[in-house]
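Peer 1: I'd like to ask you about the structure that follows.
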Amino acid sequence: MPPRREPEFRPHRVVVLALDGLLPFELGIPHRIFGRTKNAERRRLYEIVTCSIRPPGPVETDADFAIQVAHGPEILATADTVVIPASYELGPVFDEGVLTDELAAALDHIRPGTRLAAICTGGYVLAAAGHLDGRRAATHWSTADHFQRLFPRIEVDADVLFVDDGDVLTSAGVAAGIDLCLHMVRRDHGTAVANEVARRTVVPPHRDGGQAQYIHRPVPDPQLASTTAARAWALGRLHEPIQLRDMAEQEAMSVRTFTRRFREEVGVSPGQWLTQQRVERARHLLESTDLSVDLVARDAGFGTAQSMRQHLQTALGVTPTAYRRTFRAGVDGPCADGSRGGLADVDGSDGGVADALR
């Protein structure tokens with residue numbers, strides 16, 4: 001009997017669609033995040049390709065330079081994921097909610113089932129193409145009202161960083177695009193791989209999609225104390241019961257002042273933040289250790305396996321055992337063969353952990 005042949009490794013192909021008027025910074029986000037993602041053998045898990053809606057050539061940006069794109073729209077047919085960064089020159093897409101013939105013809109190359117992601121106003125393109133009808137979507141807060149009026153069949157959420165609706169993902173602008181791409185890496189390959197990319201890129205490893213956009217918030221007075229020390233204190237004690245008053249005492253604040261200041265700085269309540277950190281801790285332990293589910297629950301601060309199971313089910317849509325089975329191999333996770341991940345979106349719910357912190 002001939003030996004069993006291992007399937008040939010194929011990186012997940014991400015095709016980035018560069019439109020005239022694009023923001024160079026946002027164009028670089030997928031290349032920076034996905035391009036840094038490697039497995040234990042240091043092989044790249046994603047292949048990133050940039051294309052235009054026209055034959056290869058220059059694409060204008062919103063800066064004083066153009067970029068030279070080597071691929072035309074035909075390359076979209078090879079994509080496992082298509083990412084559309086923001087553009088300031090969407091023309092009838094932005095003004096009337098309709099695609100130009102040239103853009104529509106380009107999008108027709110995308111195969112059914114391809115994962116679609118948009119950063120900031122790139123969501124207008126997905127909306128005009130009908131991919132967001134009946135779905136919840138995110139966009140930059142400054143265009144949210146216009147986006148909703150133009151596309152009434154979409155449930156626009158202007159208060160979140162990004163929305164994961166399975167095969168279609170949307171985000172607010174700039175930094176939220178980084179969060180979105182890291183989220184896709186985390187969904188595909190687990191938290192350990194995504195955290196390594198974040199460390200190399202020197203960005204926070206995880207900002208939950210449900211975290212609020214920073215809208216109309218004044219710059220904090222530098223003379224006012226922050227909640228940094230309390231967060232650092234809590235992170236070193238996730239396995240212990242933590243009360244709101246304990247965190248407030250680390251900053252010598254009243255509970256009321258601490259709660260307000262915490263939400264201003266972090267964007268979520270102390271209870272929601274603590275649950276997010278415990279979920280991240282549990283994910284890390286499930287991926288990187290052979291600890292039993294009971295011990296993972298204890299070390300992550302959930303107390304019991306049943307409590308942790310409820311919180312992971314709420315946050316990720318899977319049980320601890322299913323999560324470990326998916327990601328225990330870490331870098332050998334679901335996208336090693338080019339397929340897409342399938343975990344549900346993290347919804348940021350506090351799920352009932354530490355009632356005193358709600």
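So you can find residues: chains in the structure tokens are A, B, ... in the order shown, residues in each start at 1, and ligands are numbered from 1 in order.
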Within 12 Å of stretch 10-20 of chain A, which residues of stretch 88-185 of chain A come that close, and what is the closest atom pair and distance in Å for each? Count only C-alpha atoms and give it as a tab-separated table.
Peer 2:
residue	atom	partner	partner_atom	distance
A:Tyr88	CA	A:Asp20	CA	7.9
A:Glu89	CA	A:Asp20	CA	6.2
A:Leu90	CA	A:Asp20	CA	7.7
A:Gly91	CA	A:Asp20	CA	10.0
A:Val93	CA	A:Leu19	CA	11.8
A:Glu102	CA	A:Leu19	CA	11.2
A:Leu103	CA	A:Leu19	CA	9.1
A:Ala106	CA	A:Leu17	CA	9.5
A:Leu107	CA	A:Leu17	CA	9.6
A:His109	CA	A:Val15	CA	11.8
A:Ile110	CA	A:Val15	CA	10.1
A:Thr114	CA	A:Val14	CA	10.0
A:Arg115	CA	A:Val14	CA	9.3
A:Leu116	CA	A:Val14	CA	9.8
A:Ala117	CA	A:Val16	CA	9.5
A:Ala118	CA	A:Val16	CA	9.8
A:Ile119	CA	A:Val16	CA	10.8
A:Thr121	CA	A:Leu19	CA	11.2
A:Gly122	CA	A:Leu19	CA	9.2
A:Val125	CA	A:Leu19	CA	10.2
A:Leu126	CA	A:Leu17	CA	11.8
A:Cys181	CA	A:Val14	CA	10.9
A:Met184	CA	A:Val14	CA	11.3
A:Val185	CA	A:His12	CA	10.8
Peer 1: Set the distance at 7 Å and use only C-alpha atoms: which residues neighbour A:Arg54 once local chain neighbours fewer than 2 positions away are removed? I'd like the list as a list in words.
Peer 2: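 Contacts, in chain order: Ser52, Pro56, Gly72 and Pro73 of chain A.
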Peer 1: Check the smallest atom-to-atom distance from each of A:Ser87, A:Thr81, A:Ser142, A:Gln313 to A:Val168 using only C-alpha atoms, then report the winner.
Peer 2: A:Thr81
Peer 1: Please determine, counting only C-alpha atoms, which residue among A:Glu249, A:Thr321, A:Phe262, A:Ile242 has the shortest atom-to-atom distance to A:Gly301.
Peer 2: A:Ile242
Peer 1: Please identify which residues in stretch 92-180 of chain A DSSP calls strand (DSSP E) from the backbone, and express them as an mmCIF file with C-alpha atoms, in the first residue's frame.
Peer 2:
data_model
loop_
_atom_site.group_PDB
_atom_site.id
_atom_site.type_symbol
_atom_site.label_atom_id
_atom_site.label_comp_id
_atom_site.auth_asym_id
_atom_site.auth_seq_id
_atom_site.Cartn_x
_atom_site.Cartn_y
_atom_site.Cartn_z
ATOM 1 C CA ARG A 115 -14.799 35.822 2.330
ATOM 2 C CA LEU A 116 -15.316 39.571 1.889
ATOM 3 C CA ALA A 117 -13.933 42.296 4.151
ATOM 4 C CA ALA A 118 -14.090 46.086 3.940
ATOM 5 C CA ILE A 119 -12.220 48.765 5.837
ATOM 6 C CA ARG A 136 -25.362 44.240 10.313
ATOM 7 C CA ALA A 137 -22.362 46.332 9.261
ATOM 8 C CA ALA A 138 -19.850 48.797 10.670
ATOM 9 C CA GLU A 155 -28.353 47.510 9.932
ATOM 10 C CA VAL A 156 -25.573 50.063 10.408
ATOM 11 C CA ASP A 157 -23.799 49.976 13.769
ATOM 12 C CA PHE A 162 -15.901 46.016 13.364
ATOM 13 C CA VAL A 163 -18.645 43.521 12.620
ATOM 14 C CA ASP A 164 -18.040 39.868 11.766
ATOM 15 C CA VAL A 168 -18.704 39.299 5.223
ATOM 16 C CA LEU A 169 -16.823 41.595 7.609
ATOM 17 C CA THR A 170 -16.810 45.387 7.879
ATOM 18 C CA SER A 171 -14.935 47.865 10.040
#
Peer 1: Between atom CA of A:Val266 and atom CA of A:Ala300, what is the distance, to one decimal in Å?
Peer 2: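 Separating atom CA of A:Val266 from atom CA of A:Ala300 is a distance of 20.7 Å.
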Peer 1: Would you pick out the contacts of A:Thr227 at 9 Å or less, using only C-alpha atoms, so that residues sharing its chain but fewer than 4 positions from it are not included, and give the list as an MDAnalysis selection string?
Peer 2: chainID A and resid 231:232 247:248 250:251 258 261:262 265:266
Peer 1: If you keep C-alpha atoms, can you produce a file of those selected residues as an mmCIF file, in the first residue's frame?
Peer 2:
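Dumped everything to result-v5.cif:
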data_model
loop_
_atom_site.group_PDB
_atom_site.id
_atom_site.type_symbol
_atom_site.label_atom_id
_atom_site.label_comp_id
_atom_site.auth_asym_id
_atom_site.auth_seq_id
_atom_site.Cartn_x
_atom_site.Cartn_y
_atom_site.Cartn_z
ATOM 1 C CA ARG A 231 -5.694 46.863 34.711
ATOM 2 C CA ALA A 232 -2.136 45.630 35.212
ATOM 3 C CA MET A 247 -9.709 47.678 41.111
ATOM 4 C CA ALA A 248 -10.839 51.143 42.152
ATOM 5 C CA GLN A 250 -5.554 50.426 43.027
ATOM 6 C CA GLU A 251 -6.119 53.931 41.628
ATOM 7 C CA PHE A 258 -13.187 54.602 38.501
ATOM 8 C CA ARG A 261 -12.788 56.790 33.914
ATOM 9 C CA PHE A 262 -12.343 53.133 32.912
ATOM 10 C CA GLU A 265 -10.203 55.033 28.507
ATOM 11 C CA VAL A 266 -11.029 51.488 27.455
#
Peer 1: Go ahead and compute the interatomic distance for atom CA of A:Thr139 and atom CA of A:Ala158, in Å to one decimal.
Peer 2: 6.2 Å
Peer 1: Near A:Glu196, counting only C-alpha atoms, which residues have an atom at most 12 Å away, once you skip same-chain residues fewer than 2 positions from it, shown as a ChimeraX atom specification?
Peer 2: /A:33-34,36-40,182,185-186,189-194,198-206,284,330-331
Peer 1: Could you take the residues named above and write them with N, CA and C atoms, as a short mmCIF file (atom, residue, chain, number, x, y, z; two decimals), in the first residue's frame?
Peer 2:
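That gives us out_14.cif:
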data_model
loop_
_atom_site.label_atom_id
_atom_site.label_comp_id
_atom_site.auth_asym_id
_atom_site.auth_seq_id
_atom_site.Cartn_x
_atom_site.Cartn_y
_atom_site.Cartn_z
N ILE A 33 -0.51 42.91 8.29
CA ILE A 33 -1.04 41.93 9.23
C ILE A 33 -0.95 40.52 8.67
N PHE A 34 -1.56 40.28 7.52
CA PHE A 34 -1.54 38.93 6.97
C PHE A 34 -0.13 38.52 6.54
N ARG A 36 2.57 39.08 7.98
CA ARG A 36 3.39 38.72 9.13
C ARG A 36 2.98 37.39 9.75
N THR A 37 1.95 36.76 9.24
CA THR A 37 1.40 35.56 9.87
C THR A 37 2.11 34.32 9.33
N LYS A 38 2.80 33.61 10.23
CA LYS A 38 3.57 32.42 9.84
C LYS A 38 3.27 31.27 10.79
N ASN A 39 3.58 30.06 10.32
CA ASN A 39 3.40 28.88 11.17
C ASN A 39 4.72 28.54 11.86
N ALA A 40 4.74 27.40 12.55
CA ALA A 40 5.92 27.03 13.32
C ALA A 40 7.14 26.82 12.44
N LEU A 182 -6.54 41.50 12.33
CA LEU A 182 -6.09 40.63 13.42
C LEU A 182 -7.20 39.67 13.85
N VAL A 185 -7.23 36.81 11.44
CA VAL A 185 -6.13 35.89 11.75
C VAL A 185 -6.48 35.05 12.96
N ARG A 186 -7.03 35.69 14.00
CA ARG A 186 -7.41 34.97 15.21
C ARG A 186 -8.49 33.95 14.91
N HIS A 189 -6.63 31.10 12.78
CA HIS A 189 -5.51 30.33 13.32
C HIS A 189 -5.37 30.38 14.83
N GLY A 190 -6.25 31.09 15.52
CA GLY A 190 -6.20 31.10 16.96
C GLY A 190 -5.50 32.32 17.53
N THR A 191 -5.67 32.48 18.84
CA THR A 191 -5.18 33.69 19.49
C THR A 191 -3.66 33.76 19.57
N ALA A 192 -2.98 32.61 19.72
CA ALA A 192 -1.53 32.63 19.85
C ALA A 192 -0.87 33.17 18.58
N VAL A 193 -1.34 32.73 17.43
CA VAL A 193 -0.78 33.21 16.16
C VAL A 193 -1.08 34.69 15.99
N ALA A 194 -2.32 35.11 16.27
CA ALA A 194 -2.68 36.52 16.13
C ALA A 194 -1.88 37.40 17.09
N ALA A 198 0.54 40.60 16.30
CA ALA A 198 0.36 41.89 16.97
C ALA A 198 1.65 42.35 17.64
N ARG A 199 2.36 41.43 18.27
CA ARG A 199 3.62 41.80 18.91
C ARG A 199 4.63 42.30 17.90
N ARG A 200 4.71 41.62 16.77
CA ARG A 200 5.67 42.04 15.74
C ARG A 200 5.27 43.37 15.11
N THR A 201 3.98 43.65 15.10
CA THR A 201 3.50 44.89 14.51
C THR A 201 3.43 46.01 15.56
N VAL A 202 3.62 45.64 16.82
CA VAL A 202 3.58 46.58 17.95
C VAL A 202 2.22 47.28 18.02
N VAL A 203 1.16 46.47 18.02
CA VAL A 203 -0.20 46.97 18.22
C VAL A 203 -0.86 46.11 19.27
N PRO A 204 -1.95 46.59 19.90
CA PRO A 204 -2.65 45.76 20.89
C PRO A 204 -3.11 44.47 20.24
N PRO A 205 -2.93 43.32 20.92
CA PRO A 205 -3.29 42.05 20.31
C PRO A 205 -4.78 41.84 20.13
N HIS A 206 -5.59 42.55 20.92
CA HIS A 206 -7.02 42.28 20.80
C HIS A 206 -7.83 43.46 21.30
N HIS A 284 -5.74 31.12 25.23
CA HIS A 284 -4.30 30.86 25.21
C HIS A 284 -3.97 29.52 25.86
N GLY A 330 -2.32 24.98 16.97
CA GLY A 330 -1.82 26.35 16.80
C GLY A 330 -1.73 26.73 15.35
N VAL A 331 -0.52 26.77 14.83
CA VAL A 331 -0.31 27.23 13.47
C VAL A 331 -0.80 26.25 12.44
#
Peer 1: So which residues touch A:Ile154 within 10 Å, counting only C-alpha atoms, skipping near sequence neighbours fewer than 6 positions away, as a PDB file with C-alpha atoms, in the first residue's frame?
Peer 2:
ATOM      1  CA  ALA A 127     -23.220  47.521   0.120  1.00  0.00           C
ATOM      2  CA  GLY A 130     -25.767  43.860  -2.385  1.00  0.00           C
ATOM      3  CA  HIS A 131     -23.486  41.845  -0.115  1.00  0.00           C
ATOM      4  CA  LEU A 132     -24.652  43.647   3.030  1.00  0.00           C
ATOM      5  CA  ASP A 133     -28.411  43.546   2.454  1.00  0.00           C
ATOM      6  CA  GLY A 134     -30.145  42.286   5.574  1.00  0.00           C
ATOM      7  CA  ARG A 135     -26.891  42.235   7.500  1.00  0.00           C
ATOM      8  CA  ARG A 136     -25.362  44.240  10.313  1.00  0.00           C
ATOM      9  CA  ALA A 137     -22.362  46.332   9.261  1.00  0.00           C
ATOM     10  CA  ALA A 138     -19.850  48.797  10.670  1.00  0.00           C
ATOM     11  CA  PHE A 147     -24.408  55.042   4.877  1.00  0.00           C
ATOM     12  CA  GLN A 148     -27.701  54.148   6.560  1.00  0.00           C
TER      13      GLN A 148
END
Peer 1: Taking only stretch 52-255 of chain A into account, list the residues labelled helix (DSSP H, G or I) by DSSP (computed from the backbone), as number ranges by chain.
Peer 2: A: 73-78, 92-96, 101-107, 122-128, 141-150, 175-189, 191-201, 228-235, 244-250, 255
Peer 1: Rank nothing, just name the residue among A:Asp95, A:Glu74, A:Glu47, A:Glu280 nearest to A:Arg32, using only C-alpha atoms.
Peer 2: A:Glu47
